Amino acid sequence: MHDNITVVDIGSGSMKASVFTCTQDSVAPLGGISRGFRLCSRMGANISDNKIKITTGFFEEVLALAREHNSTKIIAVATQAARKAANFSRLQKKILKKTGINLHIISGTEEATLTAKSTRHLTELEKFISFDIGCGSVEIAEFDKVLQNTWSLPISTLDLAKVHSIETAKAIIKNVLNTLPVHTRNTLGYELIGGGGTLKVACLLINGKTRNFITYDEVRSLFDILRDKTKEERIAYGVPKSRTDILPFGLLIISQIMQHVGKDKVFLTSGSLRTSLALEYFKMI
């Protein structure tokens with residue numbers, strides 16, 4: 001019998017923790033907590049004293065969550081904002097001293113690999129290109145029976161939101177994507193699978209819970225609707241408050257990835273980095 005596991009993801013734009021139990025052929029969430037929270041105001045910035053305090057407080061909530069669900073194992077990871085913050089070790093030491101939990105950074109390659117392997121497990125697809133859009137980076141993987149390639153791209157919606165021109169933002173995204181060889185290959189037979197909060201919000205705004213995919217035209221249409229709206233108007237439209245400034249730039253990234261790999265449709269995966277880490281812990285991927 002497996003113990004339950006608690007997995008914590010300190011992302012660039014949110015803090016999330018979930019408790020998982022091992023089922024017959026996968027994992028199931030027992031409970032979780034989530035906070036819309038930006039570890040840094042931009043990529044490369046130090047983590048402020050106040051944000052260190054807030055993050056440490058979140059880990060005290062994690063301990064309570066783990067106790068509530070009889071979880072004896074806690075895995076805690078941080079991603080792009082932590083990778084770029086020069087004072088991450090200070091945050092790490094504070095959390096360890098206060099809670100006994102070791103928060104460690106995983107690389108972009110690890111993140112992309114975990115996402116691809118869990119996508120394979122959850123969808124049973126043999127050929128796909130997967131991507132995950134975070135606030136600080138974009139992870140992409142190519143899978144054809146086995147994992148072929150992974151890329152971690154320095155595309156930050158947080159930083160793009162500070163760019164004054166949409167056209168400049170488009171050029172930045174295009175220039176980074178053009179470093180990938182995927183668009184030079186025949187992607188016939190590949191599905192495009194996406195994850196991350198940006199895509200989940202886009203799917204809900206476009207079609208509610210009626211289907212798990214969106215098309216290129218739908219993404220572009222939503223971008224055109226939101227691009228010139230104020231933050232208040234975006235909230236009224238249904239955009240979560242924590243994403244009012246960055247969602248249009250996330251939509252730009254989605255549409256340009258679709259163009260880059262020649263796909264008119266992207267499917268939303270039900271997994272997450274936390275799910276992937278739980279599956280890895282239970283040796284299911």
# chains A, B, ... in the order shown; residues from 1 in each chain; ligands from 1

call {"tool": "residues_around", "arguments": {"residues": "A:Ala112", "least_positions_apart": "6", "cutoff": "9 Å", "atoms": "only C-alpha atoms", "output": "PyMOL selection string"}}
result
chain A and resi 130-132+138-141+150-152

call {"tool": "residues_around", "arguments": {"residues": "A:His260", "least_positions_apart": "4", "cutoff": "10 Å", "atoms": "only C-alpha atoms", "output": "list in words"}}
result
Lys174, Leu177, Asn178, Leu180, Pro181, Val182, His183, Thr184, Ile254, Ser255 and Gln256 of chain A

call {"tool": "write_last_selection", "arguments": {"atoms": "C-alpha atoms", "output": "short mmCIF file (atom, residue, chain, number, x, y, z; two decimals), in the first residue's frame"}}
result
data_model
loop_
_atom_site.label_atom_id
_atom_site.label_comp_id
_atom_site.auth_asym_id
_atom_site.auth_seq_id
_atom_site.Cartn_x
_atom_site.Cartn_y
_atom_site.Cartn_z
CA LYS A 174 8.35 34.46 -33.04
CA LEU A 177 10.05 29.88 -31.53
CA ASN A 178 12.14 30.10 -34.69
CA LEU A 180 13.08 25.33 -32.65
CA PRO A 181 13.39 22.83 -35.49
CA VAL A 182 9.82 21.52 -35.10
CA HIS A 183 8.37 23.67 -37.89
CA THR A 184 10.81 22.13 -40.39
CA ILE A 254 -0.66 29.75 -27.94
CA SER A 255 -1.56 31.00 -31.42
CA GLN A 256 2.08 31.30 -32.48
#

call {"tool": "residues_around", "arguments": {"residues": "stretch 53-62 of chain A", "least_positions_apart": "4", "cutoff": "7 Å", "atoms": "only C-alpha atoms", "output": "number ranges by chain"}}
result
A: 17, 49, 66, 94-95, 99

call {"tool": "write_last_selection", "arguments": {"atoms": "C-alpha atoms", "output": "PDB file, in the first residue's frame"}}
result
ATOM      1  CA  ALA A  17      -0.197  22.193  -3.535  1.00  0.00           C
ATOM      2  CA  ASP A  49      11.263  40.049   1.898  1.00  0.00           C
ATOM      3  CA  ALA A  66      -0.652  17.087   4.388  1.00  0.00           C
ATOM      4  CA  LYS A  94      13.589  30.140   5.466  1.00  0.00           C
ATOM      5  CA  ILE A  95      11.112  27.458   4.381  1.00  0.00           C
ATOM      6  CA  THR A  99       8.591  23.831   8.090  1.00  0.00           C
TER       7      THR A  99
END

call {"tool": "residues_around", "arguments": {"residues": "A:Leu226", "least_positions_apart": "4", "cutoff": "9 Å", "atoms": "only C-alpha atoms", "output": "number ranges by chain"}}
result
A: 221-222, 230, 233-234, 237, 247-248

call {"tool": "closest_residue", "arguments": {"among": "A:Cys203, A:Ile172, A:Ile101, A:Leu192", "to": "A:Lys263", "atoms": "only C-alpha atoms"}}
result
A:Leu192

call {"tool": "select_by_dssp", "arguments": {"residues": "stretch 145-260 of chain A", "states": "alpha helix (DSSP H)", "output": "number ranges by chain"}}
result
A: 157-160, 166-177, 197-207, 216-226, 231-237, 247-260

call {"tool": "closest_residue", "arguments": {"among": "A:Leu147, A:Val27, A:Leu122, A:Ile129", "to": "A:Lys265", "atoms": "only C-alpha atoms"}}
result
A:Ile129

call {"tool": "closest_residue", "arguments": {"among": "A:Asn149, A:Ser12, A:Ser137, A:Thr210", "to": "A:Val77", "atoms": "only C-alpha atoms"}}
result
A:Ser12

call {"tool": "residues_around", "arguments": {"residues": "A:Phe223", "least_positions_apart": "4", "cutoff": "9 Å", "atoms": "only C-alpha atoms", "output": "list in words"}}
result
Glu218, Val219, Arg227, Leu247, Pro248, Phe249, Leu251 and Leu252 of chain A

call {"tool": "residues_around", "arguments": {"residues": "stretch 87-90 of chain A", "least_positions_apart": "2", "cutoff": "12 Å", "atoms": "only C-alpha atoms", "output": "PyMOL selection string"}}
result
chain A and resi 10+39-40+44-49+51-53+55-56+78-85+92-97+102-105

call {"tool": "atom_distance", "arguments": {"atom1": "atom CA of A:Glu232", "atom2": "atom CA of A:Ser165"}}
result
20.4 Å

call {"tool": "closest_residue", "arguments": {"among": "A:Ile246, A:Ala278, A:Val261, A:Val7", "to": "A:Val163", "atoms": "only C-alpha atoms"}}
result
A:Ile246

call {"tool": "residues_around", "arguments": {"residues": "A:Met15", "least_positions_apart": "5", "cutoff": "7 Å", "atoms": "only C-alpha atoms", "output": "count of residues only"}}
result
6

call {"tool": "select_by_dssp", "arguments": {"residues": "stretch 78-281 of chain A", "states": "strand (DSSP E or B)", "output": "JSON, numbers by chain"}}
result
{"A": [78, 103, 104, 105, 127, 128, 129, 130, 131, 132, 133, 138, 139, 140, 141, 142, 143, 144, 146, 147, 148, 149, 150, 151, 152, 153, 191, 192, 193, 194, 195, 213, 214, 215, 265, 266, 267, 268]}

call {"tool": "atom_distance", "arguments": {"atom1": "atom CA of A:Thr269", "atom2": "atom CA of A:Ile75"}}
result
22.0 Å

call {"tool": "closest_residue", "arguments": {"among": "A:Met43, A:Ser272, A:Thr119, A:Asn175", "to": "A:Ala86", "atoms": "only C-alpha atoms"}}
result
A:Met43

call {"tool": "closest_residue", "arguments": {"among": "A:Lys283, A:Lys98, A:Arg211, A:Arg274", "to": "A:Lys16", "atoms": "only C-alpha atoms"}}
result
A:Arg274

call {"tool": "atom_distance", "arguments": {"atom1": "atom CA of A:Ala76", "atom2": "atom CA of A:Glu124"}}
result
27.1 Å

call {"tool": "decode", "arguments": {"residues": "stretch 76-171 of chain A", "atoms": "C-alpha atoms", "output": "mmCIF file, in the first residue's frame"}}
result
data_model
loop_
_atom_site.group_PDB
_atom_site.id
_atom_site.type_symbol
_atom_site.label_atom_id
_atom_site.label_comp_id
_atom_site.auth_asym_id
_atom_site.auth_seq_id
_atom_site.Cartn_x
_atom_site.Cartn_y
_atom_site.Cartn_z
ATOM 1 C CA ALA A 76 8.205 20.782 -3.309
ATOM 2 C CA VAL A 77 9.567 22.281 -6.523
ATOM 3 C CA ALA A 78 10.069 25.760 -7.943
ATOM 4 C CA THR A 79 10.350 26.786 -11.577
ATOM 5 C CA GLN A 80 11.464 29.699 -13.758
ATOM 6 C CA ALA A 81 11.182 32.685 -11.403
ATOM 7 C CA ALA A 82 13.160 30.770 -8.785
ATOM 8 C CA ARG A 83 15.704 29.663 -11.381
ATOM 9 C CA LYS A 84 16.359 33.295 -12.243
ATOM 10 C CA ALA A 85 16.264 34.800 -8.739
ATOM 11 C CA ALA A 86 19.738 35.338 -7.307
ATOM 12 C CA ASN A 87 18.462 35.105 -3.725
ATOM 13 C CA PHE A 88 16.434 31.884 -4.062
ATOM 14 C CA SER A 89 18.631 30.149 -1.469
ATOM 15 C CA ARG A 90 17.410 32.645 1.141
ATOM 16 C CA LEU A 91 13.804 31.614 0.504
ATOM 17 C CA GLN A 92 14.817 27.955 0.524
ATOM 18 C CA LYS A 93 16.539 28.260 3.917
ATOM 19 C CA LYS A 94 13.589 30.140 5.466
ATOM 20 C CA ILE A 95 11.112 27.458 4.381
ATOM 21 C CA LEU A 96 13.354 24.616 5.542
ATOM 22 C CA LYS A 97 13.875 26.220 8.960
ATOM 23 C CA LYS A 98 10.187 27.016 9.460
ATOM 24 C CA THR A 99 8.591 23.831 8.090
ATOM 25 C CA GLY A 100 11.283 21.233 7.456
ATOM 26 C CA ILE A 101 10.302 21.124 3.771
ATOM 27 C CA ASN A 102 13.087 21.279 1.187
ATOM 28 C CA LEU A 103 11.997 23.419 -1.754
ATOM 29 C CA HIS A 104 14.223 22.715 -4.741
ATOM 30 C CA ILE A 105 14.452 24.045 -8.269
ATOM 31 C CA ILE A 106 13.770 21.806 -11.236
ATOM 32 C CA SER A 107 15.216 22.658 -14.626
ATOM 33 C CA GLY A 108 13.171 23.547 -17.676
ATOM 34 C CA THR A 109 14.242 20.264 -19.256
ATOM 35 C CA GLU A 110 12.943 18.319 -16.251
ATOM 36 C CA GLU A 111 9.691 20.263 -16.387
ATOM 37 C CA ALA A 112 9.175 19.569 -20.104
ATOM 38 C CA THR A 113 10.098 15.897 -19.677
ATOM 39 C CA LEU A 114 7.678 15.361 -16.790
ATOM 40 C CA THR A 115 4.884 17.101 -18.703
ATOM 41 C CA ALA A 116 5.424 14.955 -21.794
ATOM 42 C CA LYS A 117 5.624 11.675 -19.877
ATOM 43 C CA SER A 118 2.466 12.381 -17.901
ATOM 44 C CA THR A 119 0.679 13.470 -21.108
ATOM 45 C CA ARG A 120 1.575 10.096 -22.604
ATOM 46 C CA HIS A 121 0.246 8.343 -19.492
ATOM 47 C CA LEU A 122 -2.993 10.349 -19.329
ATOM 48 C CA THR A 123 -3.837 10.375 -23.046
ATOM 49 C CA GLU A 124 -2.151 7.154 -24.282
ATOM 50 C CA LEU A 125 -1.188 9.039 -27.464
ATOM 51 C CA GLU A 126 1.904 7.780 -29.266
ATOM 52 C CA LYS A 127 2.694 10.933 -31.236
ATOM 53 C CA PHE A 128 2.219 14.438 -29.907
ATOM 54 C CA ILE A 129 3.804 17.781 -29.265
ATOM 55 C CA SER A 130 3.092 19.049 -25.765
ATOM 56 C CA PHE A 131 3.561 22.502 -24.328
ATOM 57 C CA ASP A 132 3.021 24.222 -21.012
ATOM 58 C CA ILE A 133 2.797 27.988 -20.715
ATOM 59 C CA GLY A 134 3.841 29.381 -17.364
ATOM 60 C CA CYS A 135 4.231 33.010 -16.369
ATOM 61 C CA GLY A 136 8.008 32.714 -16.625
ATOM 62 C CA SER A 137 8.772 30.221 -19.404
ATOM 63 C CA VAL A 138 7.314 27.864 -21.990
ATOM 64 C CA GLU A 139 8.157 24.163 -22.001
ATOM 65 C CA ILE A 140 7.732 22.146 -25.203
ATOM 66 C CA ALA A 141 8.320 18.453 -25.893
ATOM 67 C CA GLU A 142 8.124 16.175 -28.915
ATOM 68 C CA PHE A 143 6.976 12.590 -28.326
ATOM 69 C CA ASP A 144 6.950 9.784 -30.911
ATOM 70 C CA LYS A 145 6.565 6.447 -29.076
ATOM 71 C CA VAL A 146 9.342 7.725 -26.821
ATOM 72 C CA LEU A 147 10.416 11.209 -25.817
ATOM 73 C CA GLN A 148 12.327 12.738 -28.734
ATOM 74 C CA ASN A 149 13.158 16.326 -27.715
ATOM 75 C CA THR A 150 12.447 18.883 -25.009
ATOM 76 C CA TRP A 151 12.861 22.658 -24.996
ATOM 77 C CA SER A 152 12.512 25.245 -22.255
ATOM 78 C CA LEU A 153 11.970 28.644 -23.830
ATOM 79 C CA PRO A 154 12.615 32.007 -22.144
ATOM 80 C CA ILE A 155 9.214 33.429 -23.048
ATOM 81 C CA SER A 156 7.711 35.207 -20.051
ATOM 82 C CA THR A 157 4.135 36.482 -20.069
ATOM 83 C CA LEU A 158 5.081 38.629 -17.070
ATOM 84 C CA ASP A 159 7.809 40.353 -19.075
ATOM 85 C CA LEU A 160 5.762 40.477 -22.300
ATOM 86 C CA ALA A 161 3.018 42.325 -20.408
ATOM 87 C CA LYS A 162 5.500 45.132 -19.841
ATOM 88 C CA VAL A 163 6.239 45.466 -23.566
ATOM 89 C CA HIS A 164 4.550 48.570 -24.942
ATOM 90 C CA SER A 165 3.630 47.170 -28.350
ATOM 91 C CA ILE A 166 1.695 44.015 -29.275
ATOM 92 C CA GLU A 167 3.733 43.829 -32.477
ATOM 93 C CA THR A 168 6.963 43.878 -30.446
ATOM 94 C CA ALA A 169 5.613 41.078 -28.247
ATOM 95 C CA LYS A 170 4.727 39.030 -31.361
ATOM 96 C CA ALA A 171 8.240 39.501 -32.717
#
